$ cat data.cif   # mmCIF, C-alpha atoms
data_model
loop_
_atom_site.group_PDB
_atom_site.id
_atom_site.type_symbol
_atom_site.label_atom_id
_atom_site.label_comp_id
_atom_site.auth_asym_id
_atom_site.auth_seq_id
_atom_site.Cartn_x
_atom_site.Cartn_y
_atom_site.Cartn_z
ATOM 1 C CA MET A 1 -235.783 -15.634 53.090
ATOM 2 C CA ARG A 2 -237.321 -18.816 51.675
ATOM 3 C CA PRO A 3 -234.934 -21.702 51.312
ATOM 4 C CA VAL A 4 -234.248 -22.936 47.848
ATOM 5 C CA ALA A 5 -236.050 -26.186 47.238
ATOM 6 C CA GLY A 6 -233.950 -29.261 47.803
ATOM 7 C CA ARG A 7 -231.285 -27.480 49.860
ATOM 8 C CA ALA A 8 -230.778 -27.249 53.560
ATOM 9 C CA PRO A 9 -230.878 -23.689 54.958
ATOM 10 C CA HIS A 10 -227.159 -23.634 55.717
ATOM 11 C CA ALA A 11 -226.357 -24.747 52.184
ATOM 12 C CA GLN A 12 -228.416 -21.873 50.729
ATOM 13 C CA PHE A 13 -226.699 -19.405 53.013
ATOM 14 C CA ASP A 14 -223.308 -20.487 51.813
ATOM 15 C CA ALA A 15 -224.349 -20.210 48.190
ATOM 16 C CA MET A 16 -225.688 -16.700 48.487
ATOM 17 C CA SER A 17 -223.190 -15.135 50.865
ATOM 18 C CA ASP A 18 -220.153 -13.164 49.753
ATOM 19 C CA ILE A 19 -217.905 -14.926 52.306
ATOM 20 C CA ASP A 20 -214.885 -16.724 50.784
ATOM 21 C CA ASN A 21 -215.256 -20.425 51.402
ATOM 22 C CA THR A 22 -211.491 -20.635 51.882
ATOM 23 C CA THR A 23 -211.701 -18.588 55.057
ATOM 24 C CA PRO A 24 -210.068 -20.524 57.886
ATOM 25 C CA HIS A 25 -212.178 -21.926 60.640
ATOM 26 C CA SER A 26 -210.955 -19.069 62.824
ATOM 27 C CA GLY A 27 -213.194 -16.766 60.782
ATOM 28 C CA ARG A 28 -210.322 -14.519 59.548
ATOM 29 C CA ARG A 29 -210.311 -13.563 55.880
ATOM 30 C CA PRO A 30 -206.974 -14.486 54.172
ATOM 31 C CA GLY A 31 -204.625 -11.576 53.922
ATOM 32 C CA PRO A 32 -202.200 -10.613 51.126
ATOM 33 C CA TRP A 33 -199.280 -12.414 52.837
ATOM 34 C CA ASP A 34 -201.092 -15.693 53.404
ATOM 35 C CA LEU A 35 -200.151 -18.730 51.335
ATOM 36 C CA PRO A 36 -202.523 -19.642 48.517
ATOM 37 C CA PRO A 37 -204.954 -22.434 49.430
ATOM 38 C CA GLU A 38 -203.205 -25.048 47.277
ATOM 39 C CA ALA A 39 -199.858 -24.314 48.959
ATOM 40 C CA ALA A 40 -201.377 -24.468 52.404
ATOM 41 C CA ALA A 41 -202.915 -27.864 51.731
ATOM 42 C CA PRO A 42 -201.153 -30.820 53.372
ATOM 43 C CA PRO A 43 -198.481 -32.402 51.147
ATOM 44 C CA PRO A 44 -199.534 -35.503 49.278
ATOM 45 C CA GLU A 45 -198.638 -38.824 50.848
ATOM 46 C CA PRO A 46 -195.253 -40.007 49.538
ATOM 47 C CA ALA A 47 -195.363 -42.915 47.139
ATOM 48 C CA ARG A 48 -194.239 -46.218 48.526
ATOM 49 C CA ALA A 49 -190.676 -47.034 47.670
ATOM 50 C CA ARG A 50 -190.240 -49.897 45.275
ATOM 51 C CA PRO A 51 -188.283 -52.876 46.536
ATOM 52 C CA SER A 52 -184.635 -52.279 45.752
ATOM 53 C CA ALA A 53 -182.758 -54.606 43.448
ATOM 54 C CA PRO A 54 -180.243 -56.981 45.037
ATOM 55 C CA GLN A 55 -177.036 -55.151 45.800
ATOM 56 C CA GLU A 56 -174.182 -55.982 43.487
ATOM 57 C CA ASP A 57 -171.388 -57.996 45.038
ATOM 58 C CA LYS A 58 -168.306 -55.779 45.098
ATOM 59 C CA GLY A 59 -165.906 -58.643 45.767
ATOM 60 C CA GLN A 60 -163.296 -58.940 48.467
ATOM 61 C CA HIS A 61 -162.141 -55.822 50.234
ATOM 62 C CA PRO A 62 -158.716 -54.899 48.784
ATOM 63 C CA GLY A 63 -157.039 -55.236 52.164
ATOM 64 C CA TRP A 64 -158.510 -58.674 52.793
ATOM 65 C CA ALA A 65 -157.753 -59.725 49.215
ATOM 66 C CA ILE A 66 -154.070 -58.860 49.703
ATOM 67 C CA ALA A 67 -153.959 -60.553 53.103
ATOM 68 C CA SER A 68 -155.670 -63.680 51.723
ATOM 69 C CA THR A 69 -153.241 -63.852 48.812
ATOM 70 C CA LEU A 70 -150.221 -63.493 51.098
ATOM 71 C CA LEU A 71 -151.568 -66.157 53.468
ATOM 72 C CA MET A 72 -152.163 -68.484 50.541
ATOM 73 C CA ALA A 73 -148.697 -67.822 49.147
ATOM 74 C CA GLY A 74 -147.071 -68.515 52.514
ATOM 75 C CA PHE A 75 -149.057 -71.706 52.942
ATOM 76 C CA LEU A 76 -148.080 -72.935 49.468
ATOM 77 C CA TRP A 77 -144.436 -72.127 50.120
ATOM 78 C CA TRP A 78 -144.607 -74.083 53.367
ATOM 79 C CA ILE A 79 -146.118 -77.233 51.843
ATOM 80 C CA THR A 80 -144.045 -77.213 48.611
ATOM 81 C CA GLY A 81 -140.733 -75.919 49.968
ATOM 82 C CA SER A 82 -140.185 -73.933 46.773
ATOM 83 C CA VAL A 83 -140.870 -70.287 46.012
ATOM 84 C CA ILE A 84 -141.146 -71.068 42.288
ATOM 85 C CA VAL A 85 -143.623 -73.917 42.738
ATOM 86 C CA ALA A 86 -145.652 -71.890 45.248
ATOM 87 C CA GLY A 87 -145.745 -68.982 42.798
ATOM 88 C CA ALA A 88 -146.814 -71.333 40.011
ATOM 89 C CA VAL A 89 -149.683 -72.755 42.058
ATOM 90 C CA LEU A 90 -150.862 -69.289 43.078
ATOM 91 C CA PHE A 91 -150.664 -68.007 39.503
ATOM 92 C CA GLY A 92 -152.432 -71.109 38.233
ATOM 93 C CA LEU A 93 -155.161 -70.602 40.822
ATOM 94 C CA PHE A 94 -155.865 -67.068 39.609
ATOM 95 C CA VAL A 95 -155.901 -68.100 35.941
ATOM 96 C CA HIS A 96 -158.219 -71.022 36.739
ATOM 97 C CA GLU A 97 -160.704 -68.771 38.535
ATOM 98 C CA TYR A 98 -160.444 -66.157 35.804
ATOM 99 C CA GLY A 99 -161.579 -68.809 33.335
ATOM 100 C CA HIS A 100 -164.772 -69.181 35.365
ATOM 101 C CA VAL A 101 -165.147 -65.387 35.471
ATOM 102 C CA LEU A 102 -164.848 -65.054 31.688
ATOM 103 C CA ALA A 103 -167.507 -67.714 31.144
ATOM 104 C CA MET A 104 -169.836 -66.188 33.744
ATOM 105 C CA ASN A 105 -169.565 -62.724 32.199
ATOM 106 C CA LYS A 106 -170.030 -64.098 28.680
ATOM 107 C CA LEU A 107 -173.193 -65.994 29.697
ATOM 108 C CA GLY A 108 -174.834 -63.056 31.463
ATOM 109 C CA MET A 109 -174.027 -64.039 35.042
ATOM 110 C CA GLY A 110 -171.576 -61.233 35.760
ATOM 111 C CA PRO A 111 -169.863 -59.146 36.690
ATOM 112 C CA ALA A 112 -168.213 -62.084 38.436
ATOM 113 C CA ARG A 113 -165.618 -61.701 41.201
ATOM 114 C CA ILE A 114 -162.654 -63.790 42.363
ATOM 115 C CA TYR A 115 -162.179 -64.623 46.027
ATOM 116 C CA ILE A 116 -159.026 -66.127 47.502
ATOM 117 C CA ILE A 117 -159.734 -68.496 50.399
ATOM 118 C CA PRO A 118 -156.575 -69.008 52.493
ATOM 119 C CA PHE A 119 -155.372 -72.628 52.804
ATOM 120 C CA LEU A 120 -158.092 -73.886 50.439
ATOM 121 C CA GLY A 121 -157.941 -72.156 47.074
ATOM 122 C CA GLY A 122 -160.123 -69.740 45.177
ATOM 123 C CA LEU A 123 -163.711 -69.056 44.270
ATOM 124 C CA ALA A 124 -165.348 -67.336 41.315
ATOM 125 C CA LYS A 125 -168.676 -65.814 42.358
ATOM 126 C CA ALA A 126 -171.348 -64.706 39.883
ATOM 127 C CA GLN A 127 -174.040 -62.078 40.436
ATOM 128 C CA ARG A 128 -176.839 -64.328 39.224
ATOM 129 C CA GLU A 129 -177.565 -67.981 38.516
ATOM 130 C CA PRO A 130 -176.992 -69.524 35.080
ATOM 131 C CA LYS A 131 -179.986 -69.351 32.762
ATOM 132 C CA THR A 132 -179.779 -73.040 31.936
ATOM 133 C CA GLU A 133 -178.055 -76.154 33.230
ATOM 134 C CA TRP A 134 -175.983 -76.205 30.038
ATOM 135 C CA HIS A 135 -174.584 -72.778 30.921
ATOM 136 C CA GLY A 136 -173.687 -74.112 34.354
ATOM 137 C CA VAL A 137 -171.707 -76.951 32.772
ATOM 138 C CA LEU A 138 -169.829 -74.525 30.510
ATOM 139 C CA VAL A 139 -168.921 -72.315 33.470
ATOM 140 C CA SER A 140 -167.673 -75.321 35.453
ATOM 141 C CA LEU A 141 -165.400 -76.587 32.677
ATOM 142 C CA ALA A 142 -164.112 -73.133 31.727
ATOM 143 C CA GLY A 143 -161.885 -72.970 34.826
ATOM 144 C CA PRO A 144 -159.877 -76.179 34.235
ATOM 145 C CA ALA A 145 -159.671 -75.620 30.467
ATOM 146 C CA PHE A 146 -158.542 -71.995 30.706
ATOM 147 C CA GLY A 147 -156.344 -72.687 33.717
ATOM 148 C CA LEU A 148 -153.878 -74.700 31.620
ATOM 149 C CA ILE A 149 -152.754 -71.454 29.956
ATOM 150 C CA ALA A 150 -150.906 -70.650 33.189
ATOM 151 C CA MET A 151 -148.491 -73.508 32.416
ATOM 152 C CA ILE A 152 -147.007 -71.787 29.360
ATOM 153 C CA PRO A 153 -144.524 -69.402 31.073
ATOM 154 C CA PHE A 154 -143.342 -72.092 33.494
ATOM 155 C CA VAL A 155 -142.784 -74.697 30.781
ATOM 156 C CA ALA A 156 -140.942 -72.100 28.689
ATOM 157 C CA ALA A 157 -138.745 -71.045 31.626
ATOM 158 C CA GLY A 158 -138.088 -74.662 32.580
ATOM 159 C CA LEU A 159 -136.926 -75.575 29.081
ATOM 160 C CA TRP A 160 -134.895 -72.397 28.668
ATOM 161 C CA LEU A 161 -133.202 -72.625 32.079
ATOM 162 C CA ARG A 162 -133.161 -76.435 32.154
ATOM 163 C CA SER A 163 -134.702 -76.126 35.604
ATOM 164 C CA PRO A 164 -136.739 -79.007 37.069
ATOM 165 C CA GLU A 165 -138.262 -76.577 39.567
ATOM 166 C CA TRP A 166 -140.010 -74.535 36.880
ATOM 167 C CA LEU A 167 -141.256 -77.702 35.177
ATOM 168 C CA MET A 168 -142.612 -78.980 38.474
ATOM 169 C CA GLY A 169 -144.437 -75.673 38.808
ATOM 170 C CA ALA A 170 -146.097 -76.353 35.447
ATOM 171 C CA PHE A 171 -146.933 -79.890 36.579
ATOM 172 C CA PHE A 172 -148.622 -78.568 39.726
ATOM 173 C CA ILE A 173 -150.721 -76.170 37.656
ATOM 174 C CA ALA A 174 -151.942 -79.045 35.499
ATOM 175 C CA MET A 175 -152.735 -81.097 38.588
ATOM 176 C CA ILE A 176 -154.775 -78.286 40.140
ATOM 177 C CA ASN A 177 -157.043 -78.353 37.113
ATOM 178 C CA LEU A 178 -157.132 -82.143 36.895
ATOM 179 C CA VAL A 179 -158.005 -82.644 40.572
ATOM 180 C CA ASN A 180 -160.715 -80.007 40.226
ATOM 181 C CA LEU A 181 -162.419 -82.264 37.694
ATOM 182 C CA LEU A 182 -163.075 -84.944 40.298
ATOM 183 C CA PRO A 183 -166.865 -85.395 40.499
ATOM 184 C CA ALA A 184 -166.863 -84.655 44.215
ATOM 185 C CA PRO A 185 -168.701 -81.694 45.739
ATOM 186 C CA PRO A 186 -167.894 -78.816 45.635
ATOM 187 C CA LEU A 187 -165.262 -79.289 42.908
ATOM 188 C CA ASP A 188 -165.864 -78.331 39.276
ATOM 189 C CA GLY A 189 -166.263 -81.957 38.243
ATOM 190 C CA ALA A 190 -169.374 -82.350 40.399
ATOM 191 C CA LYS A 191 -170.972 -79.328 38.727
ATOM 192 C CA ALA A 192 -170.013 -80.511 35.250
ATOM 193 C CA LEU A 193 -170.754 -84.230 35.518
ATOM 194 C CA GLY A 194 -173.609 -84.033 38.051
ATOM 195 C CA PRO A 195 -176.172 -82.675 35.553
ATOM 196 C CA VAL A 196 -175.279 -85.470 33.123
ATOM 197 C CA LEU A 197 -175.913 -88.114 35.797
ATOM 198 C CA THR A 198 -179.169 -86.422 36.776
ATOM 199 C CA ARG A 199 -180.309 -86.610 33.165
ATOM 200 C CA VAL A 200 -180.046 -90.401 33.501
ATOM 201 C CA HIS A 201 -181.607 -90.489 36.985
ATOM 202 C CA PRO A 202 -181.466 -88.020 39.917
ATOM 203 C CA ARG A 203 -180.467 -90.775 42.337
ATOM 204 C CA LEU A 204 -177.481 -91.633 40.159
ATOM 205 C CA GLU A 205 -176.028 -88.193 40.760
ATOM 206 C CA GLN A 206 -176.553 -88.452 44.505
ATOM 207 C CA VAL A 207 -174.964 -91.872 44.812
ATOM 208 C CA ALA A 208 -172.058 -91.129 42.469
ATOM 209 C CA LEU A 209 -171.117 -87.750 43.948
ATOM 210 C CA LEU A 210 -171.323 -88.970 47.523
ATOM 211 C CA ALA A 211 -169.297 -92.089 46.709
ATOM 212 C CA VAL A 212 -166.591 -90.131 44.901
ATOM 213 C CA GLY A 213 -166.660 -87.495 47.639
ATOM 214 C CA GLY A 214 -166.122 -90.178 50.265
ATOM 215 C CA LEU A 215 -163.203 -91.601 48.305
ATOM 216 C CA ALA A 216 -161.712 -88.128 47.950
ATOM 217 C CA VAL A 217 -161.918 -87.619 51.717
ATOM 218 C CA TRP A 218 -160.233 -90.984 52.277
ATOM 219 C CA TRP A 219 -157.534 -90.067 49.750
ATOM 220 C CA GLY A 220 -156.872 -86.771 51.510
ATOM 221 C CA LEU A 221 -156.557 -88.468 54.885
ATOM 222 C CA SER A 222 -154.375 -91.312 53.612
ATOM 223 C CA THR A 223 -151.965 -89.021 51.764
ATOM 224 C CA GLY A 224 -151.629 -86.459 54.560
ATOM 225 C CA ARG A 225 -153.697 -83.768 52.849
ATOM 226 C CA LEU A 226 -155.709 -83.131 55.986
ATOM 227 C CA ILE A 227 -157.001 -79.652 55.130
ATOM 228 C CA LEU A 228 -158.285 -80.854 51.780
ATOM 229 C CA ALA A 229 -159.883 -83.907 53.433
ATOM 230 C CA VAL A 230 -161.702 -81.770 56.007
ATOM 231 C CA PHE A 231 -162.859 -79.327 53.342
ATOM 232 C CA LEU A 232 -164.208 -82.099 51.100
ATOM 233 C CA GLY A 233 -165.790 -83.857 54.083
ATOM 234 C CA ILE A 234 -167.736 -80.728 55.053
ATOM 235 C CA ALA A 235 -168.838 -80.252 51.447
ATOM 236 C CA VAL A 236 -170.010 -83.848 51.092
ATOM 237 C CA PHE A 237 -171.916 -83.650 54.371
ATOM 238 C CA SER A 238 -173.645 -80.412 53.325
ATOM 239 C CA HIS A 239 -174.668 -82.000 50.026
ATOM 240 C CA LEU A 240 -176.007 -85.010 51.897
ATOM 241 C CA LYS A 241 -178.245 -82.760 54.001
ATOM 242 C CA ARG A 242 -179.531 -80.824 50.997
ATOM 243 C CA GLY A 243 -182.876 -82.061 49.754
ATOM 244 C CA VAL A 244 -182.955 -80.697 46.206
ATOM 245 C CA TRP A 245 -179.888 -81.538 44.180
ATOM 246 C CA ARG A 246 -180.633 -79.774 40.947
ATOM 247 C CA ALA A 247 -181.424 -76.075 40.841
ATOM 248 C CA GLY A 248 -184.603 -74.632 39.403
ATOM 249 C CA TRP A 249 -183.290 -73.770 35.935
ATOM 250 C CA GLY A 250 -184.128 -77.168 34.471
ATOM 251 C CA GLN A 251 -182.381 -80.295 33.289
ATOM 252 C CA LEU A 252 -180.066 -80.892 30.390
ATOM 253 C CA SER A 253 -181.611 -82.187 27.233
ATOM 254 C CA TRP A 254 -180.208 -85.476 25.958
ATOM 255 C CA PRO A 255 -178.075 -83.750 23.268
ATOM 256 C CA GLU A 256 -176.765 -81.313 25.890
ATOM 257 C CA ALA A 257 -175.985 -84.216 28.223
ATOM 258 C CA GLY A 258 -173.972 -85.871 25.439
ATOM 259 C CA ARG A 259 -172.045 -82.676 24.725
ATOM 260 C CA SER A 260 -171.443 -82.110 28.450
ATOM 261 C CA LEU A 261 -170.017 -85.604 28.900
ATOM 262 C CA ALA A 262 -167.803 -85.229 25.827
ATOM 263 C CA LEU A 263 -166.485 -81.849 27.014
ATOM 264 C CA TYR A 264 -165.864 -83.203 30.511
ATOM 265 C CA LEU A 265 -163.874 -86.213 29.255
ATOM 266 C CA ALA A 266 -161.942 -84.080 26.762
ATOM 267 C CA THR A 267 -161.024 -81.513 29.425
ATOM 268 C CA ALA A 268 -159.898 -84.239 31.826
ATOM 269 C CA ALA A 269 -157.806 -85.897 29.100
ATOM 270 C CA VAL A 270 -156.127 -82.614 28.152
ATOM 271 C CA CYS A 271 -155.340 -81.799 31.809
ATOM 272 C CA ALA A 272 -153.842 -85.278 32.362
ATOM 273 C CA ALA A 273 -151.799 -85.050 29.155
ATOM 274 C CA ALA A 274 -150.546 -81.593 30.161
ATOM 275 C CA ALA A 275 -149.431 -82.913 33.562
ATOM 276 C CA ILE A 276 -147.504 -85.804 31.993
ATOM 277 C CA GLY A 277 -146.117 -83.493 29.314
ATOM 278 C CA ALA A 278 -144.661 -81.151 31.933
ATOM 279 C CA LEU A 279 -142.699 -84.082 33.396
ATOM 280 C CA LEU A 280 -141.397 -85.477 30.098
ATOM 281 C CA PRO A 281 -138.300 -83.215 29.996
ATOM 282 C CA LEU A 282 -137.371 -84.616 33.418
ATOM 283 C CA THR A 283 -137.525 -88.222 32.192
ATOM 284 C CA GLY A 284 -135.779 -87.728 28.872
ATOM 285 C CA GLY A 285 -139.056 -87.921 26.988
ATOM 286 C CA ALA A 286 -140.046 -91.332 28.380
ATOM 287 C CA VAL A 287 -143.787 -91.472 29.040
ATOM 288 C CA GLU A 288 -143.880 -94.352 31.524
ATOM 289 C CA PRO A 289 -141.486 -92.804 34.088
ATOM 290 C CA ALA A 290 -143.358 -89.494 33.770
ATOM 291 C CA PHE A 291 -146.623 -91.326 34.384
ATOM 292 C CA ASP A 292 -145.130 -93.007 37.466
ATOM 293 C CA MET A 293 -143.998 -89.623 38.799
ATOM 294 C CA GLY A 294 -147.527 -88.311 38.431
ATOM 295 C CA LEU A 295 -148.968 -91.300 40.262
ATOM 296 C CA ARG A 296 -146.497 -90.887 43.108
ATOM 297 C CA PHE A 297 -147.520 -87.266 43.434
ATOM 298 C CA ILE A 298 -151.196 -88.111 43.946
ATOM 299 C CA GLY A 299 -150.260 -91.010 46.229
ATOM 300 C CA VAL A 300 -152.116 -93.791 44.424
ATOM 301 C CA GLY A 301 -149.212 -95.950 43.257
ATOM 302 C CA GLY A 302 -146.222 -95.684 41.009
ATOM 303 C CA ARG A 303 -143.064 -97.678 41.024
#
$ encode --input "data.cif" --output "structure tokens"
Amino acid sequence: MRPVAGRAPHAQFDAMSDIDNTTPHSGRRPGPWDLPPEAAAPPPEPARARPSAPQEDKGQHPGWAIASTLLMAGFLWWITGSVIVAGAVLFGLFVHEYGHVLAMNKLGMGPARIYIIPFLGGLAKAQREPKTEWHGVLVSLAGPAFGLIAMIPFVAAGLWLRSPEWLMGAFFIAMINLVNLLPAPPLDGAKALGPVLTRVHPRLEQVALLAVGGLAVWWGLSTGRLILAVFLGIAVFSHLKRGVWRAGWGQLSWPEAGRSLALYLATAAVCAAAAIGALLPLTGGAVEPAFDMGLRFIGVGGR
């Protein structure tokens, strides 16, 4: 047989034979029970798995959350000597953190979670960073502003029962929010006022926050608040080591910086007024003695 032009002899043989080209290399013709050729072919290579999205933070384990809350409650009872005042501080802490959570969820950073840190306080943790620096300022101020709502039941009970203990509980709630506005890392004031200072000059934020943080540490040591002093000292040191002070979502514009400063000062003024207001029933409505009581509490003076 002459080979077909342009083909090798073995290629011509294959083309003209009646042998099924799907016959296995063993030479056996497929039988009726054999798998069809497409089924017998090796399975296609599995597609590469896409990188999974970051796992959502589920918050504190319920058991640890209960244990942390009980430890915090016991610690507050020990340092205040009053169940009512300790309960007020703990309630105020939750309401304060819930203010942060509401703002985070509203601004697309949620679902946010609350963590109780024994002996120190609380933490509201978002799932993602704020979209802008302005959003970060709003989240920072939402805690102190919303946290004042926790005073309402304690002021009402204090006036109804004529109980100084309930009024002192309201005063402590106001002070939690006021102290949190100190521009010292990692308190809310540093996150609210820091971007405003950076808008003026980045070095201004560094110098101001470290100076205020150092003063806060000194205040904690001089007034016997050792745990707070150690906590603030660690935070200030960590900020000192950090190279980049502002995150990558940009700076405030000048109008935003003006609004941020106005909101910060207004929130601080309202918190201070609420603290003095809670003490007014104890001083017969006299502002100056109430102011002196507040100063004695923070250990910076008073007569």
$ closest_atom_pairs --input "data.cif" --of "segment 146-212 of chain A" --to "segment 104-123 of chain A" --cutoff "12 Å" --atoms "all atoms listed in the file" --output "CSV"
residue,atom,partner,partner_atom,distance
A:Ile176,CA,A:Gly121,CA,9.8
A:Asn177,CA,A:Gly121,CA,11.8
A:Asn180,CA,A:Gly121,CA,10.8
A:Pro186,CA,A:Leu123,CA,10.7
A:Leu187,CA,A:Leu123,CA,10.4
A:Asp188,CA,A:Leu123,CA,10.8
$ closest_atom_pairs --input "data.cif" --of "segment 115-211 of chain A" --to "segment 291-301 of chain A" --cutoff "12 Å" --atoms "only C-alpha atoms" --output "CSV"
residue,atom,partner,partner_atom,distance
A:Met168,CA,A:Gly294,CA,10.5
A:Phe171,CA,A:Gly294,CA,8.6
A:Phe172,CA,A:Phe297,CA,9.5
A:Ala174,CA,A:Gly294,CA,10.7
A:Met175,CA,A:Gly294,CA,8.9
A:Ile176,CA,A:Ile298,CA,11.1
A:Leu178,CA,A:Ile298,CA,11.0
A:Val179,CA,A:Ile298,CA,9.4
$ write_last_selection --input "data.cif" --atoms "C-alpha atoms" --output "short mmCIF file (atom, residue, chain, number, x, y, z; two decimals), in the coordinates of the input"
data_model
loop_
_atom_site.label_atom_id
_atom_site.label_comp_id
_atom_site.auth_asym_id
_atom_site.auth_seq_id
_atom_site.Cartn_x
_atom_site.Cartn_y
_atom_site.Cartn_z
CA MET A 168 -142.61 -78.98 38.47
CA PHE A 171 -146.93 -79.89 36.58
CA PHE A 172 -148.62 -78.57 39.73
CA ALA A 174 -151.94 -79.04 35.50
CA MET A 175 -152.74 -81.10 38.59
CA ILE A 176 -154.78 -78.29 40.14
CA LEU A 178 -157.13 -82.14 36.90
CA VAL A 179 -158.00 -82.64 40.57
#
$ atom_distance --input "data.cif" --atom1 "atom CA of Trp64 of chain A" --atom2 "atom CA of Ala184 of chain A"
28.6 Å
$ closest_residue --input "data.cif" --among "A:Ile173, A:Met72, A:Leu215, A:Ala262" --to "Pro144 of chain A" --atoms "all atoms listed in the file"
A:Ile173
$ residues_around --input "data.cif" --residues "Ser238 of chain A" --least-positions-apart "4" --cutoff "10 Å" --atoms "all atoms listed in the file" --output "PyMOL selection string"
chain A and resi 185-186+232-234+242
$ resolve_selection --input "data.cif" --expression "the PyMOL selection byres ((chain A and resi 135) around 12)" --output "JSON, numbers by chain"
{"A": [100, 103, 104, 105, 106, 107, 108, 109, 129, 130, 131, 132, 133, 134, 136, 137, 138, 139, 140, 141, 142, 191, 192, 195, 249, 250, 251, 252, 256, 257, 259, 260]}
$ axis_aligned_box --input "data.cif" --around "segment 61-66 of chain A" --padding-each-side "8 Å" --output "AutoDock Vina command-line options"
--center_x -158.1 --center_y -57.3 --center_z 50.8 --size_x 24.1 --size_y 20.8 --size_z 20.0
$ residues_near_point --input "data.cif" --point "(-157.3, -83.1, 29.1)" --cutoff "12 Å" --atoms "all atoms listed in the file" --output "ChimeraX atom specification"
/A:141,144-148,174-175,177-179,181,262-277
$ atom_distance --input "data.cif" --atom1 "atom CA of Gln206 of chain A" --atom2 "atom CA of Leu93 of chain A"
28.1 Å
$ residues_around --input "data.cif" --residues "segment 163-167 of chain A" --least-positions-apart "5" --cutoff "10 Å" --atoms "all atoms listed in the file" --output "ChimeraX atom specification"
/A:82-85,87-88,151,153-158,172-173,275,277-282
$ atom_distance --input "data.cif" --atom1 "atom CA of Gly258 of chain A" --atom2 "atom CA of Leu102 of chain A"
23.6 Å
$ decode --input "data.cif" --residues "segment 279-291 of chain A" --atoms "N, CA, C and O atoms" --output "PDB file, in the first residue's frame"
ATOM      1  N   LEU A 279     -23.522  67.493  91.367  1.00  0.00           N
ATOM      2  CA  LEU A 279     -23.142  67.815  92.754  1.00  0.00           C
ATOM      3  C   LEU A 279     -23.956  68.966  93.339  1.00  0.00           C
ATOM      4  O   LEU A 279     -23.923  69.174  94.559  1.00  0.00           O
ATOM      5  N   LEU A 280     -24.651  69.712  92.497  1.00  0.00           N
ATOM      6  CA  LEU A 280     -25.383  70.887  92.985  1.00  0.00           C
ATOM      7  C   LEU A 280     -26.404  70.556  94.071  1.00  0.00           C
ATOM      8  O   LEU A 280     -26.523  71.305  95.055  1.00  0.00           O
ATOM      9  N   PRO A 281     -27.174  69.449  93.948  1.00  0.00           N
ATOM     10  CA  PRO A 281     -28.108  69.139  95.043  1.00  0.00           C
ATOM     11  C   PRO A 281     -27.416  68.905  96.385  1.00  0.00           C
ATOM     12  O   PRO A 281     -28.031  69.068  97.444  1.00  0.00           O
ATOM     13  N   LEU A 282     -26.135  68.525  96.350  1.00  0.00           N
ATOM     14  CA  LEU A 282     -25.400  68.280  97.586  1.00  0.00           C
ATOM     15  C   LEU A 282     -24.877  69.568  98.211  1.00  0.00           C
ATOM     16  O   LEU A 282     -24.480  69.565  99.390  1.00  0.00           O
ATOM     17  N   THR A 283     -24.851  70.640  97.447  1.00  0.00           N
ATOM     18  CA  THR A 283     -24.332  71.919  97.959  1.00  0.00           C
ATOM     19  C   THR A 283     -25.428  72.980  98.038  1.00  0.00           C
ATOM     20  O   THR A 283     -25.122  74.175  98.127  1.00  0.00           O
ATOM     21  N   GLY A 284     -26.665  72.523  97.977  1.00  0.00           N
ATOM     22  CA  GLY A 284     -27.778  73.477  98.052  1.00  0.00           C
ATOM     23  C   GLY A 284     -27.883  74.373  96.835  1.00  0.00           C
ATOM     24  O   GLY A 284     -28.412  75.487  96.920  1.00  0.00           O
ATOM     25  N   GLY A 285     -27.373  73.930  95.716  1.00  0.00           N
ATOM     26  CA  GLY A 285     -27.446  74.709  94.489  1.00  0.00           C
ATOM     27  C   GLY A 285     -26.307  75.683  94.306  1.00  0.00           C
ATOM     28  O   GLY A 285     -26.277  76.405  93.302  1.00  0.00           O
ATOM     29  N   ALA A 286     -25.350  75.724  95.216  1.00  0.00           N
ATOM     30  CA  ALA A 286     -24.220  76.651  95.102  1.00  0.00           C
ATOM     31  C   ALA A 286     -23.180  76.067  94.152  1.00  0.00           C
ATOM     32  O   ALA A 286     -22.719  74.934  94.339  1.00  0.00           O
ATOM     33  N   VAL A 287     -22.796  76.846  93.153  1.00  0.00           N
ATOM     34  CA  VAL A 287     -21.888  76.347  92.115  1.00  0.00           C
ATOM     35  C   VAL A 287     -20.459  76.226  92.629  1.00  0.00           C
ATOM     36  O   VAL A 287     -19.779  75.225  92.363  1.00  0.00           O
ATOM     37  N   GLU A 288     -19.998  77.227  93.392  1.00  0.00           N
ATOM     38  CA  GLU A 288     -18.592  77.226  93.799  1.00  0.00           C
ATOM     39  C   GLU A 288     -18.239  76.034  94.676  1.00  0.00           C
ATOM     40  O   GLU A 288     -17.219  75.369  94.435  1.00  0.00           O
ATOM     41  N   PRO A 289     -19.047  75.700  95.708  1.00  0.00           N
ATOM     42  CA  PRO A 289     -18.720  74.491  96.482  1.00  0.00           C
ATOM     43  C   PRO A 289     -18.767  73.212  95.637  1.00  0.00           C
ATOM     44  O   PRO A 289     -17.955  72.306  95.840  1.00  0.00           O
ATOM     45  N   ALA A 290     -19.699  73.147  94.691  1.00  0.00           N
ATOM     46  CA  ALA A 290     -19.761  71.978  93.806  1.00  0.00           C
ATOM     47  C   ALA A 290     -18.503  71.891  92.948  1.00  0.00           C
ATOM     48  O   ALA A 290     -17.949  70.806  92.724  1.00  0.00           O
ATOM     49  N   PHE A 291     -18.044  73.037  92.477  1.00  0.00           N
ATOM     50  CA  PHE A 291     -16.815  73.075  91.684  1.00  0.00           C
ATOM     51  C   PHE A 291     -15.617  72.615  92.519  1.00  0.00           C
ATOM     52  O   PHE A 291     -14.758  71.855  92.044  1.00  0.00           O
TER      53      PHE A 291
END
